[in-house]
Amino acid sequence: MNLPMLDIDRLSVSYGKVEAVREVSLRMQPGTIVTVIGANGAGKTTLLNAIMGVLPAPGAARFEGRDVSGDEVEARVGAGLCLVPEKRELFTTMSVEDNLRLGAYRLGSGAISEGLETVFARFPRLKERRAQLAGTLSGGERQMLAMGRALMGKPRLLMLDEPSLGLAPRIVKDIFHIIMELRASGVSILLVEQNARAALQVADYAYVMEIGSITMEGRAEDLAADPRVIESYLGLGGHT
Amino acid sequence: MGLFSSNRAVWLGLILAFAAIPLIPGIPDFWITLWDYIGLYSLVAIGLVLLTGVGGMTSFGQAAFCGFGAYTTAVLTSQFGFSPWLTLPFSLATTGLAAFLLGLVTVRLSGHFLPLGTIAWGISIYYLFGNIEVLGRYDGISGLPPFTFFGHSLIDARAIFYLIWLCVLLAVILSLNLLDSRMGRAVRALRGGSQAAESFGVNIPRVKLVVFVYAALLAGLSGWLYAHMQRAVSPSPFGINAGIEYLLMAVLGGSGYVLGGVLGATIVIVLKDHLQNILPKLIGADGNFETIVFGILMVAVLQLSRNGLWPLVQRLLPKPAEKTVDESAPALALRTMPERGALLLEVAKARKQFGGLVAVNDVSFAVKAGEIVGLIGPNGAGKSTTFNLLTGVLAATSGSIRYRGEDIAGLKAEAIAARGIARTFQHVKLVGSMSLLENVAIGAHLRSGAGVLGSMLRLDRTDEARLLREAARQLTRVGLGAHLHKPAASLALGQQRIAEIARALCLDPALLLLDEPAAGLRFAEKQQLAELLSQLRSEGMSVLLVEHDMDFVMKLTNHLVVLDFGEKIAEGSPAEISVNPVVLEAYLGGVE
Amino acid sequence: MNATIALYLAQDGIINGAIYALLGVTLVLVFAVTRVIFVPQGEFVAWGALTLAALDAGSVPGTAWLLVVMGIAATVLDTLRQSKTITLHAIGGMVVKDIALPVLLLLAVQAIAPGKPALWISVLLTLALIIPMGPLVYRLAFQPLADATVLTLFIAAIGVHFALIGLGLVFFGAEGFRTTPFIAETFRVGVLAIKGQSLAVLGVTAMLLAGLYLFFERTMLGKALRATAVNRLGARLVGIPVRSTGRIAFALAAAIGALSGMLIGSLTTIYYDSGFLIGLKGFVAAIAAGLASYPLTVMAALGVGLLEAFSAFFASAFKEVIVFSIIIPLLIWRSLKAPHSDEEEE
């Protein structure tokens, strides 16, 4: 095994006295898609926010061998980590193009035109709408813009929080295809999804999270075949 | 808060020791005067603690209310020859009326607009005082008579000391009594986000106005005392800078604690006195240089100890006793429940549009009495919006929502609560610092009529005992009987969710609306919750729940309504739904 | 009242309105980027005017000393706050930037001031002294509270106002001053006498507003500031250092405050505490525009200026009462328009 891309060791997050994430450990290899699945409120979003540094979290976080646990969000972005959050967090009153340009803020103006070209090639819809305000986009386009903005920063690890949230099934398929393409282009992806079936189909490795803790982990195809996973996350309860 | 119900001896001792201070031989007059001022400022600060610290409304304008109290008595005594004692009702009435009128406007301001509003009228009123002829313009009114007591005039600092501190003592007792009551819980709930209190029938604007006027009255009382202690009034002590100083006292002392107000006033006045002696000498010029220290102090307290200094003092004092629940208190009256199987809730073509986005698209379904109905669908399907339409948080764009035959679409949350619909929240809304028992008792707000005055004078105790007994009973029923007195924030998230159900049950509802009750619960807790809900159903309760946990929903509900992209895509029994191909596609649609 | 008086009042109102517009726009900007309702903005107005007046008079303004004091305080506090993680290199950087530079500036002012420097030199010196105070105030007071609610930040802002007003009294005394006008001539247009300084006010205001517009629309830094204002989390996630955007916003606030002060310093006597009311009138405009829209703020500011000028004529004693009472219906209107929020939650 080579050096893990991301190595999270006993990470915890508390809101007041409530522990939302309890001593979670997680590793991922470069060039892979790793998914964390689990029910609403299991702490998946909290986990991603903690890895990104948005929430204070005791525990170790190493990215490409470097300890980033004391770093601010900005420093983690600089190191090559990038989060596409559940709520997208776009600059809604600014144009699509400005949103993308700001995605390359830390890289400076040199990286912008090249980055724009790459992103527009991947998301032609965004090119059509480049002058439109981000707030006027549809749900699917917003997700594309959020991913496009993230890619402008040339991340080495992309963390996607519920990329399929609120999207029509056809668009969900598009998004997942893009996720697979991104892996092929060398970006590692940490994927959090409600849609466990789709997530397990694209992922190499998977973790199951329940009430703040990792309860299962394994190769994605193994988990997809595990009866416990099937009952809890892939079926409609015990009645199927 | 039952500070005075327990440890009476300790407190009595402290009060008597304090009362003896002026009698100690050799204590300089000047010290006593300082204490007199501390008392005056404490009155205002206590009001501000209730308004800002407890009620969440930050006011920089309290000094203006002192002005109303002071000017009223100044005019009446100097120009109409009233005795100072007789003007108290007039001073309070003027202040109360001014506060009522300003309050009608102010309490409706949201967020940071409210403190900005208080600054604006604080400044306006100062200039008003300074420009009105009858108030003596910027010179004010001087030569006011002192208080007299059986022929003794209270000019002496030692004499008026007792009058001022008697007022402070009364203000503390009345304030603590108020907080420890049905209305007090409503006030304390304002800060935890008023949405929860609203949905249990608390009339938020009214509660805010009550606190606002009460705080102003304490300021008016202080102004009345001040006028006859100083024997002169002028606009400057009632300006915006004084208002800022009062807020500093509340913040410094600990704005959530009644006695924190007294502590804050003490620190600020003593500090001010010292600084006014030292700083001008140090700087070599005259002026109010103490504002530098006060300003820095304000920022430092916010940065270092947002709860102020009172919590530090509190540790040294005896712990207030836990509330007692009187098991023998008579139970509260119950609502007549609808007949099992009767049509309870009927949603017909409910629609909600946000601009061009249709979040809920002509959804129809019904809930019958004694049923548990589940509202399910993938994330973003419109479940929460539908839920908000039912609970009066959002108004439907079109369509009707009938409850026991009456159209409730467009009714406010309070009115919906009054009809017997109780709810829980997806994101728990409990007041973290308040005990579980008191949080849950808010649920029974509408089942008692105890008012503000009655609570202050402790005439509400029978009612209060009944409410607390009901709260304890419901908490025990949901399995939290062991945690009655713990602050809500100290419980696990799952337990807090269950506590919300107990609070909802306190309303004595006919229909229970639950927003993701099982989220964040452990397996055993989910089973307990399912048992509880089954039990309630067998007692005739009807439940509508939004839930993600399929296993939970499938085993518990009688009927399921499935939403996707704002539309109802299916409805039926759990068994039917679990094999419905449309539902399967919506939920399980994969990549290929 | 005849047409001449009306024109005169209108001129007065528009000039004051222009200043309120500048301040209002800055308040909107600072609020959007940092969520701070920056009441102490007014102190920078007073300090700008008083610093210029001191340099005019050939004396060393107190702000030169104050900047050194603030720099030392910021260096010490930042070092203490990050005592575990801070590097010697970073401390060295602060010593150079926050202490050595202000000391050099103080020495320069001490050398230049007695010779009664030319107006443009005094203006530049004033800006050099006041602008760094913006970011310093942000670091000292607000940065440690970055996660606090708007309300807490607001109370802190009031605290800062209190502290700065006291410092103003220490450094400038209770006496009021007027500054030399930028343009001393008076022009006659028909019956109306127009002060050259009025034209300077309008010209500088128009240039600053245009400059701000270009900054926000055309530069990456301006866009980063807007992005921080629109979505703070989004900005952090693309690597925009939101702390430095906060400092930039405060530097702009100090710069515009100081300029406004220097502009009106020749039109009215400025005391150490004059800034508060001037700043608050900028606020009335900013609030009328919901603390959000720049063009609306400018329009509202002109309205405030006119209202003030005309009420000064009709009911001079109640001028302030009228101007500050008008805010109440505006606040209600804004509260009703604001979407229901849980902002009051802790």
# chains A, B, ... in the order shown; residues from 1 in each chain; ligands from 1
>>> residues_around(residues="Val367 (chain B)", least_positions_apart="3", cutoff="9 Å", atoms="only C-alpha atoms", output="NGL selection string")
:B and (342-347 or 370-373 or 542-544 or 559)
>>> closest_atom_pairs(of="chain B", to="chain A", cutoff="9 Å", atoms="only C-alpha atoms", output="CSV")
residue,atom,partner,partner_atom,distance
B:Pro378,CA,A:Gly166,CA,7.9
B:Asn379,CA,A:Gly166,CA,6.1
B:Gly380,CA,A:Gly166,CA,4.7
B:Ala381,CA,A:Gly166,CA,7.0
B:Ala489,CA,A:Lys17,CA,6.8
B:Ser490,CA,A:Lys17,CA,5.9
B:Leu491,CA,A:Val18,CA,7.4
B:Ala492,CA,A:Val18,CA,5.7
B:Leu493,CA,A:Val18,CA,6.3
B:Ala519,CA,A:Gly41,CA,5.8
B:Gly520,CA,A:Gly41,CA,5.4
B:Leu521,CA,A:Ile211,CA,7.3
B:Arg522,CA,A:Ile211,CA,7.1
B:His548,CA,A:Asn40,CA,7.1
B:Asp549,CA,A:Ala39,CA,7.3
B:Met550,CA,A:Gly237,CA,5.1
B:Asp551,CA,A:Gly237,CA,4.2
B:Phe552,CA,A:Gly237,CA,7.9
B:Val553,CA,A:Gly237,CA,8.5
B:Met554,CA,A:Gly237,CA,6.7
B:Lys555,CA,A:Gly238,CA,8.4
B:Phe565,CA,A:Gly166,CA,7.6
B:Pro574,CA,A:His239,CA,8.1
B:Ala575,CA,A:His239,CA,6.7
B:Ile577,CA,A:Leu236,CA,9.0
B:Ser578,CA,A:Thr240,CA,5.9
B:Val579,CA,A:Thr240,CA,6.8
B:Leu584,CA,A:Leu236,CA,7.9
B:Glu585,CA,A:Pro169,CA,8.7
B:Ala586,CA,A:Pro169,CA,7.6
B:Tyr587,CA,A:Asn195,CA,7.8
B:Leu588,CA,A:Arg197,CA,6.7
B:Gly589,CA,A:Pro169,CA,6.6
B:Gly590,CA,A:Ala198,CA,4.7
B:Val591,CA,A:Lys173,CA,5.2
B:Glu592,CA,A:Lys173,CA,7.4
>>> closest_residue(among="C:Leu280, C:Ala300, C:Ala312, C:Ala200", to="Ile15 (chain C)", atoms="only C-alpha atoms")
C:Ala200
>>> interface_residues(of="chain C", to="chain B", cutoff="9 Å", atoms="only C-alpha atoms", output="ChimeraX atom specification")
/C:37,141-142,144-145,150-167,169-170,173-174,280,284,287,317-329,331-336,338,340-346
>>> closest_atom_pairs(of="chain C", to="chain A", cutoff="8 Å", atoms="only C-alpha atoms", output="JSON lines")
{"residue": "C:Met220", "atom": "CA", "partner": "A:Leu102", "partner_atom": "CA", "distance": 7.7}
{"residue": "C:Lys223", "atom": "CA", "partner": "A:Leu102", "partner_atom": "CA", "distance": 7.7}
{"residue": "C:Ala224", "atom": "CA", "partner": "A:Leu102", "partner_atom": "CA", "distance": 6.9}
{"residue": "C:Ala227", "atom": "CA", "partner": "A:Phe91", "partner_atom": "CA", "distance": 5.9}
{"residue": "C:Val230", "atom": "CA", "partner": "A:Phe91", "partner_atom": "CA", "distance": 5.7}
{"residue": "C:Asn231", "atom": "CA", "partner": "A:Phe91", "partner_atom": "CA", "distance": 5.9}
{"residue": "C:Leu233", "atom": "CA", "partner": "A:Glu89", "partner_atom": "CA", "distance": 6.8}
{"residue": "C:Gly234", "atom": "CA", "partner": "A:Glu89", "partner_atom": "CA", "distance": 4.8}
{"residue": "C:Arg236", "atom": "CA", "partner": "A:Glu74", "partner_atom": "CA", "distance": 6.1}
{"residue": "C:Leu237", "atom": "CA", "partner": "A:Leu83", "partner_atom": "CA", "distance": 6.7}
{"residue": "C:Val238", "atom": "CA", "partner": "A:Gly103", "partner_atom": "CA", "distance": 5.2}
{"residue": "C:Gly239", "atom": "CA", "partner": "A:Glu74", "partner_atom": "CA", "distance": 4.5}
{"residue": "C:Ile240", "atom": "CA", "partner": "A:Glu74", "partner_atom": "CA", "distance": 6.6}
{"residue": "C:Pro241", "atom": "CA", "partner": "A:Glu74", "partner_atom": "CA", "distance": 6.0}
>>> residues_around(residues="Phe100 (chain B)", least_positions_apart="6", cutoff="10 Å", atoms="only C-alpha atoms", output="PDB file with N, CA and C atoms, in the first residue's frame")
ATOM      1  N   THR B  94     -46.664  57.387  32.868  1.00  0.00           N
ATOM      2  CA  THR B  94     -46.070  58.030  31.688  1.00  0.00           C
ATOM      3  C   THR B  94     -45.048  57.107  31.043  1.00  0.00           C
ATOM      4  N   THR B 106     -41.183  48.688  18.391  1.00  0.00           N
ATOM      5  CA  THR B 106     -39.852  48.097  18.565  1.00  0.00           C
ATOM      6  C   THR B 106     -39.874  46.563  18.548  1.00  0.00           C
ATOM      7  N   LEU B 209     -43.779  42.519  24.229  1.00  0.00           N
ATOM      8  CA  LEU B 209     -44.237  43.832  24.677  1.00  0.00           C
ATOM      9  C   LEU B 209     -44.308  43.885  26.205  1.00  0.00           C
ATOM     10  N   VAL B 210     -44.775  42.794  26.802  1.00  0.00           N
ATOM     11  CA  VAL B 210     -44.865  42.743  28.265  1.00  0.00           C
ATOM     12  C   VAL B 210     -43.483  42.962  28.883  1.00  0.00           C
ATOM     13  N   PHE B 212     -40.897  44.294  27.504  1.00  0.00           N
ATOM     14  CA  PHE B 212     -40.412  45.623  27.137  1.00  0.00           C
ATOM     15  C   PHE B 212     -40.960  46.670  28.110  1.00  0.00           C
ATOM     16  N   VAL B 213     -42.274  46.605  28.369  1.00  0.00           N
ATOM     17  CA  VAL B 213     -42.896  47.588  29.260  1.00  0.00           C
ATOM     18  C   VAL B 213     -42.387  47.382  30.690  1.00  0.00           C
ATOM     19  N   TYR B 214     -42.253  46.133  31.098  1.00  0.00           N
ATOM     20  CA  TYR B 214     -41.770  45.864  32.455  1.00  0.00           C
ATOM     21  C   TYR B 214     -40.379  46.463  32.663  1.00  0.00           C
ATOM     22  N   ALA B 216     -39.054  48.881  31.056  1.00  0.00           N
ATOM     23  CA  ALA B 216     -39.163  50.340  31.042  1.00  0.00           C
ATOM     24  C   ALA B 216     -39.673  50.850  32.383  1.00  0.00           C
TER      25      ALA B 216
END
>>> closest_residue(among="A:Thr32, A:Asn49, A:Gln143, A:Ser188", to="Ile171 (chain A)", atoms="only C-alpha atoms")
A:Gln143
>>> residues_around(residues="region 75-87 of chain B", least_positions_apart="4", cutoff="10 Å", atoms="only C-alpha atoms", output="PyMOL selection string")
chain B and resi 69-71+91-93+134-136+141-149+224-225+227-228+232-233
>>> atom_distance(atom1="CA of Gly196 (chain C)", atom2="CA of Ile183 (chain C)")
4.9 Å
>>> atom_distance(atom1="CA of Asp78 (chain C)", atom2="CA of Ile256 (chain C)")
26.1 Å
>>> select_by_dssp(residues="region 96-161 of chain A", states="alpha helix (DSSP H)", output="PyMOL selection string")
chain A and resi 96-103+110-122+124-128+139-152
>>> residues_around(residues="Ser293 (chain C)", least_positions_apart="5", cutoff="12 Å", atoms="only C-alpha atoms", output="ChimeraX atom specification")
/A:93 /C:21,24-29,31-32,285-288,298-300
>>> write_last_selection(atoms="C-alpha atoms", output="PDB file, in the first residue's frame")
ATOM      1  CA  THR A  93     -25.909  37.328  -6.976  1.00  0.00           C
TER       2      THR A  93
ATOM      3  CA  ALA C  21     -23.984  58.452   0.970  1.00  0.00           C
ATOM      4  CA  GLY C  24     -23.804  54.642   4.114  1.00  0.00           C
ATOM      5  CA  VAL C  25     -22.204  52.769   1.237  1.00  0.00           C
ATOM      6  CA  THR C  26     -19.220  51.880   3.408  1.00  0.00           C
ATOM      7  CA  LEU C  27     -21.481  50.660   6.181  1.00  0.00           C
ATOM      8  CA  VAL C  28     -23.302  48.417   3.721  1.00  0.00           C
ATOM      9  CA  LEU C  29     -19.960  47.117   2.483  1.00  0.00           C
ATOM     10  CA  PHE C  31     -21.752  44.777   7.047  1.00  0.00           C
ATOM     11  CA  ALA C  32     -21.922  42.583   3.969  1.00  0.00           C
ATOM     12  CA  ALA C 285     -29.618  55.773   4.707  1.00  0.00           C
ATOM     13  CA  ALA C 286     -28.018  52.337   4.800  1.00  0.00           C
ATOM     14  CA  ILE C 287     -30.946  50.936   6.735  1.00  0.00           C
ATOM     15  CA  ALA C 288     -33.457  52.514   4.414  1.00  0.00           C
ATOM     16  CA  VAL C 298     -26.969  56.742  -2.134  1.00  0.00           C
ATOM     17  CA  MET C 299     -30.517  57.866  -2.924  1.00  0.00           C
ATOM     18  CA  ALA C 300     -31.660  57.452   0.644  1.00  0.00           C
TER      19      ALA C 300
END
>>> atom_distance(atom1="CA of Ala49 (chain C)", atom2="CA of Gly305 (chain C)")
19.5 Å
>>> select_by_dssp(residues="region 66-158 of chain A", states="strand (DSSP E)", output="list in words")
Arg66, Asp67, Leu81, Cys82, Leu83, Val84, Leu157 and Leu158 of chain A
>>> write_last_selection(atoms="C-alpha atoms", output="PDB file, in the first residue's frame")
ATOM      1  CA  ARG A  66       1.048  16.273   5.782  1.00  0.00           C
ATOM      2  CA  ASP A  67      -0.736  17.003   9.063  1.00  0.00           C
ATOM      3  CA  LEU A  81      -8.580  19.700  -0.593  1.00  0.00           C
ATOM      4  CA  CYS A  82     -11.909  20.896  -1.880  1.00  0.00           C
ATOM      5  CA  LEU A  83     -15.471  20.479  -0.625  1.00  0.00           C
ATOM      6  CA  VAL A  84     -18.624  20.817  -2.690  1.00  0.00           C
ATOM      7  CA  LEU A 157      -9.133  15.520  -3.408  1.00  0.00           C
ATOM      8  CA  LEU A 158     -12.705  16.487  -4.145  1.00  0.00           C
TER       9      LEU A 158
END
